file data01.txt (compact mmCIF, C-alpha atoms and all ligand atoms)
# COMPACT_ATOMS: atom_id res chain seq x y z
CA MET A 1 0.00 0.00 0.00
CA LYS A 2 1.14 3.51 -0.76
CA ILE A 3 0.04 6.81 0.75
CA LEU A 4 0.72 10.40 -0.20
CA VAL A 5 2.11 12.43 2.71
CA SER A 6 2.74 16.18 2.89
CA ALA A 7 6.50 16.53 2.64
CA CYS A 8 6.57 19.18 5.38
CA LEU A 9 5.08 16.67 7.86
CA LEU A 10 7.98 14.34 7.04
CA GLY A 11 10.51 17.01 7.98
CA PHE A 12 11.37 18.34 4.53
CA ASP A 13 11.99 22.10 4.60
CA VAL A 14 9.29 23.02 2.09
CA LYS A 15 7.08 25.16 4.31
CA TYR A 16 6.55 28.79 3.19
CA ASP A 17 9.12 30.05 5.70
CA GLY A 18 11.71 27.47 4.68
CA SER A 19 11.14 25.26 7.71
CA ASN A 20 9.03 22.12 8.13
CA ASN A 21 6.21 20.62 10.17
CA GLY A 22 8.09 17.48 11.18
CA GLY A 23 7.38 18.17 14.85
CA LEU A 24 3.68 17.46 14.27
CA LEU A 25 4.34 13.82 13.40
CA PRO A 26 5.99 12.02 16.36
CA PRO A 27 8.87 9.67 15.33
CA GLU A 28 6.98 6.59 16.58
CA THR A 29 3.96 7.54 14.44
CA LEU A 30 6.17 7.98 11.40
CA GLU A 31 7.81 4.59 12.04
CA LEU A 32 4.40 2.95 12.34
CA LEU A 33 3.26 4.54 9.09
CA LYS A 34 6.44 3.44 7.33
CA LYS A 35 5.85 -0.13 8.48
CA THR A 36 2.23 -0.02 7.30
CA ALA A 37 2.59 1.65 3.91
CA ASP A 38 5.05 3.05 1.38
CA ILE A 39 5.19 6.81 1.77
CA ILE A 40 5.16 9.11 -1.25
CA PRO A 41 6.19 12.64 -0.13
CA VAL A 42 4.49 15.50 -1.96
CA CYS A 43 4.52 19.29 -1.68
CA PRO A 44 1.84 20.77 -3.94
CA GLU A 45 3.14 24.33 -3.55
CA CYS A 46 6.61 23.26 -4.73
CA PHE A 47 5.04 21.16 -7.51
CA GLY A 48 3.20 24.31 -8.58
CA GLY A 49 6.47 26.19 -9.05
CA LEU A 50 6.45 28.35 -5.94
CA SER A 51 9.79 29.15 -4.37
CA CYS A 52 10.93 28.05 -0.97
CA PRO A 53 10.85 30.14 1.18
CA ARG A 54 7.87 32.08 -0.19
CA SER A 55 5.22 34.46 1.09
CA PRO A 56 2.40 32.71 2.96
CA CYS A 57 -0.81 32.25 0.99
CA GLU A 58 -4.46 31.91 1.90
CA ILE A 59 -7.65 31.15 -0.03
CA SER A 60 -10.09 33.98 -0.53
CA GLY A 61 -13.22 33.05 -2.40
CA ARG A 62 -12.18 30.98 -5.43
CA LYS A 63 -8.66 32.41 -5.55
CA VAL A 64 -5.40 32.14 -3.63
CA PHE A 65 -3.41 35.24 -2.70
CA ASP A 66 -0.12 35.67 -0.91
CA SER A 67 0.22 38.05 2.02
CA GLU A 68 1.20 40.86 -0.40
CA GLY A 69 -2.01 40.40 -2.38
CA VAL A 70 -0.40 38.67 -5.37
CA ASP A 71 -2.67 36.14 -7.07
CA LYS A 72 -1.09 32.66 -6.83
CA THR A 73 -4.16 30.68 -7.90
CA GLU A 74 -2.54 29.21 -11.03
CA GLN A 75 0.45 27.86 -9.11
CA PHE A 76 -1.87 26.27 -6.54
CA LYS A 77 -3.99 24.69 -9.28
CA LYS A 78 -0.89 23.35 -11.02
CA GLY A 79 0.38 21.91 -7.74
CA ALA A 80 -2.94 20.16 -7.19
CA VAL A 81 -2.89 18.60 -10.66
CA GLN A 82 0.71 17.44 -10.21
CA THR A 83 -0.12 15.93 -6.81
CA LEU A 84 -3.10 14.07 -8.28
CA LYS A 85 -0.73 12.83 -10.98
CA ALA A 86 1.56 11.43 -8.27
CA ALA A 87 -1.42 9.76 -6.55
CA LYS A 88 -2.44 8.07 -9.80
CA MET A 89 1.12 7.16 -10.74
CA PHE A 90 1.74 5.38 -7.44
CA GLY A 91 -1.78 4.07 -6.90
CA CYS A 92 -2.51 6.00 -3.71
CA SER A 93 -6.11 6.11 -2.52
CA LEU A 94 -5.22 7.61 0.87
CA ALA A 95 -3.34 10.77 1.80
CA LEU A 96 -2.02 12.28 5.03
CA LEU A 97 -1.93 16.02 4.45
CA LYS A 98 -1.10 19.01 6.64
CA GLU A 99 -4.20 20.50 8.20
CA LYS A 100 -5.39 24.07 7.50
CA SER A 101 -2.98 24.63 4.58
CA PRO A 102 -4.40 26.42 1.50
CA SER A 103 -3.08 23.46 -0.51
CA CYS A 104 -3.18 20.45 1.79
CA GLY A 105 -5.87 21.28 4.36
CA ALA A 106 -9.09 19.26 4.35
CA LYS A 107 -12.36 20.57 5.82
CA LYS A 108 -10.70 23.52 7.57
CA ILE A 109 -8.46 26.24 6.18
CA TYR A 110 -7.38 29.77 7.06
CA ASP A 111 -10.00 32.28 5.96
CA GLY A 112 -7.96 34.57 3.69
CA THR A 113 -7.52 37.41 6.19
CA PHE A 114 -4.03 36.34 7.41
CA THR A 115 -5.27 36.64 10.99
CA HIS A 116 -4.93 32.91 11.86
CA THR A 117 -8.71 32.61 11.60
CA VAL A 118 -9.90 29.17 10.55
CA THR A 119 -12.99 28.56 8.43
CA GLU A 120 -14.64 25.58 6.74
CA GLY A 121 -13.23 24.61 3.37
CA ASN A 122 -10.64 22.51 1.58
CA GLY A 123 -7.21 23.45 0.33
CA ILE A 124 -6.87 23.39 -3.47
CA THR A 125 -5.00 20.07 -3.57
CA ALA A 126 -7.06 18.36 -0.87
CA ASP A 127 -10.19 19.35 -2.78
CA LEU A 128 -8.95 17.90 -6.07
CA LEU A 129 -7.85 14.66 -4.40
CA LEU A 130 -11.21 14.29 -2.61
CA LYS A 131 -13.07 14.90 -5.89
CA ASN A 132 -11.03 12.06 -7.38
CA GLY A 133 -11.94 9.58 -4.65
CA ILE A 134 -8.82 9.87 -2.55
CA GLN A 135 -9.41 9.89 1.21
CA VAL A 136 -7.60 12.74 2.94
CA PHE A 137 -6.57 12.65 6.61
CA GLY A 138 -4.85 15.34 8.66
CA GLU A 139 -2.10 14.97 11.24
CA SER A 140 -4.69 14.86 14.05
CA GLN A 141 -6.36 11.83 12.41
CA ILE A 142 -3.56 9.25 12.50
CA GLN A 143 -5.76 6.65 14.19
CA GLU A 144 -8.44 7.01 11.50
CA LEU A 145 -5.76 6.80 8.80
CA LEU A 146 -4.33 3.59 10.29
CA GLU A 147 -7.83 2.09 10.43
CA ALA A 148 -8.42 3.02 6.77
CA LEU A 149 -5.08 1.44 5.83
CA GLN A 150 -6.00 -1.71 7.75
CA LYS A 151 -9.38 -1.86 6.02
CA GLN A 152 -7.73 -1.45 2.63
CA ASP A 153 -5.20 -4.16 3.49
CA SER A 154 -7.83 -6.67 4.51
CA ALA A 155 -9.87 -5.87 1.40
CA GLY A 156 -6.79 -7.03 -0.49
FE1 LIG B 201 3.39 21.30 3.50
FE2 LIG B 201 1.43 21.06 1.72
FE3 LIG B 201 2.36 23.46 2.37
FE4 LIG B 201 3.89 21.84 0.93
S1 LIG B 201 1.94 22.69 0.30
S2 LIG B 201 4.54 23.03 2.69
S3 LIG B 201 3.36 19.86 1.78
S4 LIG B 201 1.30 22.04 3.73

call {"tool": "encode", "arguments": {"input": "data01.txt", "output": "structure tokens"}}
result
Amino acid sequence: MKILVSACLLGFDVKYDGSNNGGLLPPETLELLKKTADIIPVCPECFGGLSCPRSPCEISGRKVFDSEGVDKTEQFKKGAVQTLKAAKMFGCSLALLKEKSPSCGAKKIYDGTFTHTVTEGNGITADLLLKNGIQVFGESQIQELLEALQKQDSAG
């Protein structure tokens, strides 16, 4: 079994500020995941051609803007398409993606005001993956992800 995982959660320095979110995934959790499935690291914002570091971005309406007001929607859309391509290429039907990100977040994202306010909605990549039948879990849903992996395993 193979799962897509946000590269920043794996400790790769692809976050907007050049750091990572590795601290959100405890080493024992990562080890367990590695034993359960093959991990395919993805960073939609890098796939979309954005630099690293870069200005933070948030979704506002149907578009994505950085904190200077520059429209980055096309890069986010490209990153989503490239990430879906990776999912299809490696046969991933599950993904573990960073919560609240304008790319990776599922169900909850920042609201576009750059005030750390969270609202309902999907990041651009999470949305495309979900529309293509890929289950998306966040870092606070490891137990649910492991159960889904187990279910998939027993289904053969
Ligand atoms: Fe992490 Fe996703 Fe943002 Fe890349 S796009 S830094 S993988 S949350």

call {"tool": "residues_near_ligand", "arguments": {"input": "data01.txt", "ligand": "ligand LIG 201 (chain B)", "cutoff": "9 Å", "atoms": "only C-alpha atoms and all ligand atoms", "output": "PyMOL selection string"}}
result
chain A and resi 5-10+12-21+41-47+52+76+79+97-105+125

call {"tool": "closest_residue", "arguments": {"input": "data01.txt", "among": "A:Asp71, A:Glu28, A:Glu58, A:Asp38", "to": "Gly121 in chain A", "atoms": "only C-alpha atoms"}}
result
A:Glu58

call {"tool": "closest_residue", "arguments": {"input": "data01.txt", "among": "A:Ala86, A:Cys92, A:Ala80, A:Gly156", "to": "Leu128 in chain A", "atoms": "only C-alpha atoms"}}
result
A:Ala80

call {"tool": "residues_near_point", "arguments": {"input": "data01.txt", "point": "(-0.6, 17.2, 12.2)", "cutoff": "7 Å", "atoms": "all atoms listed in the file", "output": "list of chain:residue names"}}
result
A:Leu24, A:Leu25, A:Lys98, A:Glu99, A:Gly138, A:Glu139, A:Ser140

call {"tool": "write_last_selection", "arguments": {"input": "data01.txt", "atoms": "C-alpha atoms", "output": "mmCIF file, keeping the file's coordinate frame"}}
result
data_model
loop_
_atom_site.group_PDB
_atom_site.id
_atom_site.type_symbol
_atom_site.label_atom_id
_atom_site.label_comp_id
_atom_site.auth_asym_id
_atom_site.auth_seq_id
_atom_site.Cartn_x
_atom_site.Cartn_y
_atom_site.Cartn_z
ATOM 1 C CA LEU A 24 3.680 17.460 14.270
ATOM 2 C CA LEU A 25 4.340 13.820 13.400
ATOM 3 C CA LYS A 98 -1.100 19.010 6.640
ATOM 4 C CA GLU A 99 -4.200 20.500 8.200
ATOM 5 C CA GLY A 138 -4.850 15.340 8.660
ATOM 6 C CA GLU A 139 -2.100 14.970 11.240
ATOM 7 C CA SER A 140 -4.690 14.860 14.050
#

call {"tool": "atom_distance", "arguments": {"input": "data01.txt", "atom1": "CA of Gln75 in chain A", "atom2": "CA of Val136 in chain A"}}
result
20.9 Å

call {"tool": "residues_near_point", "arguments": {"input": "data01.txt", "point": "(-4.5, 2.7, 2.2)", "cutoff": "8 Å", "atoms": "only C-alpha atoms", "output": "ChimeraX atom specification"}}
result
/A:1-3,37,92-94,145,148-153

call {"tool": "atom_distance", "arguments": {"input": "data01.txt", "atom1": "CA of Pro26 in chain A", "atom2": "CA of Lys108 in chain A"}}
result
22.1 Å

call {"tool": "residues_around", "arguments": {"input": "data01.txt", "residues": "Asn122 in chain A", "least_positions_apart": "4", "cutoff": "7 Å", "atoms": "all atoms listed in the file", "output": "PyMOL selection string"}}
result
chain A and resi 105-109+126-127

call {"tool": "closest_residue", "arguments": {"input": "data01.txt", "among": "A:Leu129, A:Leu30, A:Ile39, A:Ile124", "to": "Phe90 in chain A", "atoms": "all atoms listed in the file"}}
result
A:Ile39

call {"tool": "atom_distance", "arguments": {"input": "data01.txt", "atom1": "CA of Gln141 in chain A", "atom2": "CA of Ala95 in chain A"}}
result
11.1 Å

call {"tool": "closest_residue", "arguments": {"input": "data01.txt", "among": "A:Lys88, A:Thr83, A:Arg54, A:Ser154", "to": "Glu68 in chain A", "atoms": "only C-alpha atoms"}}
result
A:Arg54

call {"tool": "residues_around", "arguments": {"input": "data01.txt", "residues": "Thr113 in chain A", "least_positions_apart": "2", "cutoff": "9 Å", "atoms": "all atoms listed in the file", "output": "ChimeraX atom specification"}}
result
/A:58-60,67,110-111,115-117

call {"tool": "write_last_selection", "arguments": {"input": "data01.txt", "atoms": "C-alpha atoms", "output": "PDB file, in the coordinates of the input"}}
result
ATOM      1  CA  GLU A  58      -4.460  31.910   1.900  1.00  0.00           C
ATOM      2  CA  ILE A  59      -7.650  31.150  -0.030  1.00  0.00           C
ATOM      3  CA  SER A  60     -10.090  33.980  -0.530  1.00  0.00           C
ATOM      4  CA  SER A  67       0.220  38.050   2.020  1.00  0.00           C
ATOM      5  CA  TYR A 110      -7.380  29.770   7.060  1.00  0.00           C
ATOM      6  CA  ASP A 111     -10.000  32.280   5.960  1.00  0.00           C
ATOM      7  CA  THR A 115      -5.270  36.640  10.990  1.00  0.00           C
ATOM      8  CA  HIS A 116      -4.930  32.910  11.860  1.00  0.00           C
ATOM      9  CA  THR A 117      -8.710  32.610  11.600  1.00  0.00           C
TER      10      THR A 117
END

call {"tool": "closest_residue", "arguments": {"input": "data01.txt", "among": "A:Gly11, A:Gly61, A:Ser55, A:Gly49", "to": "Gln82 in chain A", "atoms": "all atoms listed in the file"}}
result
A:Gly49

call {"tool": "closest_residue", "arguments": {"input": "data01.txt", "among": "A:Ile142, A:Glu147, A:Gly112, A:Gly48", "to": "Val64 in chain A", "atoms": "all atoms listed in the file"}}
result
A:Gly112

call {"tool": "decode", "arguments": {"input": "data01.txt", "residues": "range 29-124 of chain A", "atoms": "C-alpha atoms", "output": "short mmCIF file (atom, residue, chain, number, x, y, z; two decimals), in the first residue's frame"}}
result
data_model
loop_
_atom_site.label_atom_id
_atom_site.label_comp_id
_atom_site.auth_asym_id
_atom_site.auth_seq_id
_atom_site.Cartn_x
_atom_site.Cartn_y
_atom_site.Cartn_z
CA THR A 29 3.96 7.54 14.44
CA LEU A 30 6.17 7.98 11.40
CA GLU A 31 7.81 4.59 12.04
CA LEU A 32 4.40 2.95 12.34
CA LEU A 33 3.26 4.54 9.09
CA LYS A 34 6.44 3.44 7.33
CA LYS A 35 5.85 -0.13 8.48
CA THR A 36 2.23 -0.02 7.30
CA ALA A 37 2.59 1.65 3.91
CA ASP A 38 5.05 3.05 1.38
CA ILE A 39 5.19 6.81 1.77
CA ILE A 40 5.16 9.11 -1.25
CA PRO A 41 6.19 12.64 -0.13
CA VAL A 42 4.49 15.50 -1.96
CA CYS A 43 4.52 19.29 -1.68
CA PRO A 44 1.84 20.77 -3.94
CA GLU A 45 3.14 24.33 -3.55
CA CYS A 46 6.61 23.26 -4.73
CA PHE A 47 5.04 21.16 -7.51
CA GLY A 48 3.20 24.31 -8.58
CA GLY A 49 6.47 26.19 -9.05
CA LEU A 50 6.45 28.35 -5.94
CA SER A 51 9.79 29.15 -4.37
CA CYS A 52 10.93 28.05 -0.97
CA PRO A 53 10.85 30.14 1.18
CA ARG A 54 7.87 32.08 -0.19
CA SER A 55 5.22 34.46 1.09
CA PRO A 56 2.40 32.71 2.96
CA CYS A 57 -0.81 32.25 0.99
CA GLU A 58 -4.46 31.91 1.90
CA ILE A 59 -7.65 31.15 -0.03
CA SER A 60 -10.09 33.98 -0.53
CA GLY A 61 -13.22 33.05 -2.40
CA ARG A 62 -12.18 30.98 -5.43
CA LYS A 63 -8.66 32.41 -5.55
CA VAL A 64 -5.40 32.14 -3.63
CA PHE A 65 -3.41 35.24 -2.70
CA ASP A 66 -0.12 35.67 -0.91
CA SER A 67 0.22 38.05 2.02
CA GLU A 68 1.20 40.86 -0.40
CA GLY A 69 -2.01 40.40 -2.38
CA VAL A 70 -0.40 38.67 -5.37
CA ASP A 71 -2.67 36.14 -7.07
CA LYS A 72 -1.09 32.66 -6.83
CA THR A 73 -4.16 30.68 -7.90
CA GLU A 74 -2.54 29.21 -11.03
CA GLN A 75 0.45 27.86 -9.11
CA PHE A 76 -1.87 26.27 -6.54
CA LYS A 77 -3.99 24.69 -9.28
CA LYS A 78 -0.89 23.35 -11.02
CA GLY A 79 0.38 21.91 -7.74
CA ALA A 80 -2.94 20.16 -7.19
CA VAL A 81 -2.89 18.60 -10.66
CA GLN A 82 0.71 17.44 -10.21
CA THR A 83 -0.12 15.93 -6.81
CA LEU A 84 -3.10 14.07 -8.28
CA LYS A 85 -0.73 12.83 -10.98
CA ALA A 86 1.56 11.43 -8.27
CA ALA A 87 -1.42 9.76 -6.55
CA LYS A 88 -2.44 8.07 -9.80
CA MET A 89 1.12 7.16 -10.74
CA PHE A 90 1.74 5.38 -7.44
CA GLY A 91 -1.78 4.07 -6.90
CA CYS A 92 -2.51 6.00 -3.71
CA SER A 93 -6.11 6.11 -2.52
CA LEU A 94 -5.22 7.61 0.87
CA ALA A 95 -3.34 10.77 1.80
CA LEU A 96 -2.02 12.28 5.03
CA LEU A 97 -1.93 16.02 4.45
CA LYS A 98 -1.10 19.01 6.64
CA GLU A 99 -4.20 20.50 8.20
CA LYS A 100 -5.39 24.07 7.50
CA SER A 101 -2.98 24.63 4.58
CA PRO A 102 -4.40 26.42 1.50
CA SER A 103 -3.08 23.46 -0.51
CA CYS A 104 -3.18 20.45 1.79
CA GLY A 105 -5.87 21.28 4.36
CA ALA A 106 -9.09 19.26 4.35
CA LYS A 107 -12.36 20.57 5.82
CA LYS A 108 -10.70 23.52 7.57
CA ILE A 109 -8.46 26.24 6.18
CA TYR A 110 -7.38 29.77 7.06
CA ASP A 111 -10.00 32.28 5.96
CA GLY A 112 -7.96 34.57 3.69
CA THR A 113 -7.52 37.41 6.19
CA PHE A 114 -4.03 36.34 7.41
CA THR A 115 -5.27 36.64 10.99
CA HIS A 116 -4.93 32.91 11.86
CA THR A 117 -8.71 32.61 11.60
CA VAL A 118 -9.90 29.17 10.55
CA THR A 119 -12.99 28.56 8.43
CA GLU A 120 -14.64 25.58 6.74
CA GLY A 121 -13.23 24.61 3.37
CA ASN A 122 -10.64 22.51 1.58
CA GLY A 123 -7.21 23.45 0.33
CA ILE A 124 -6.87 23.39 -3.47
#
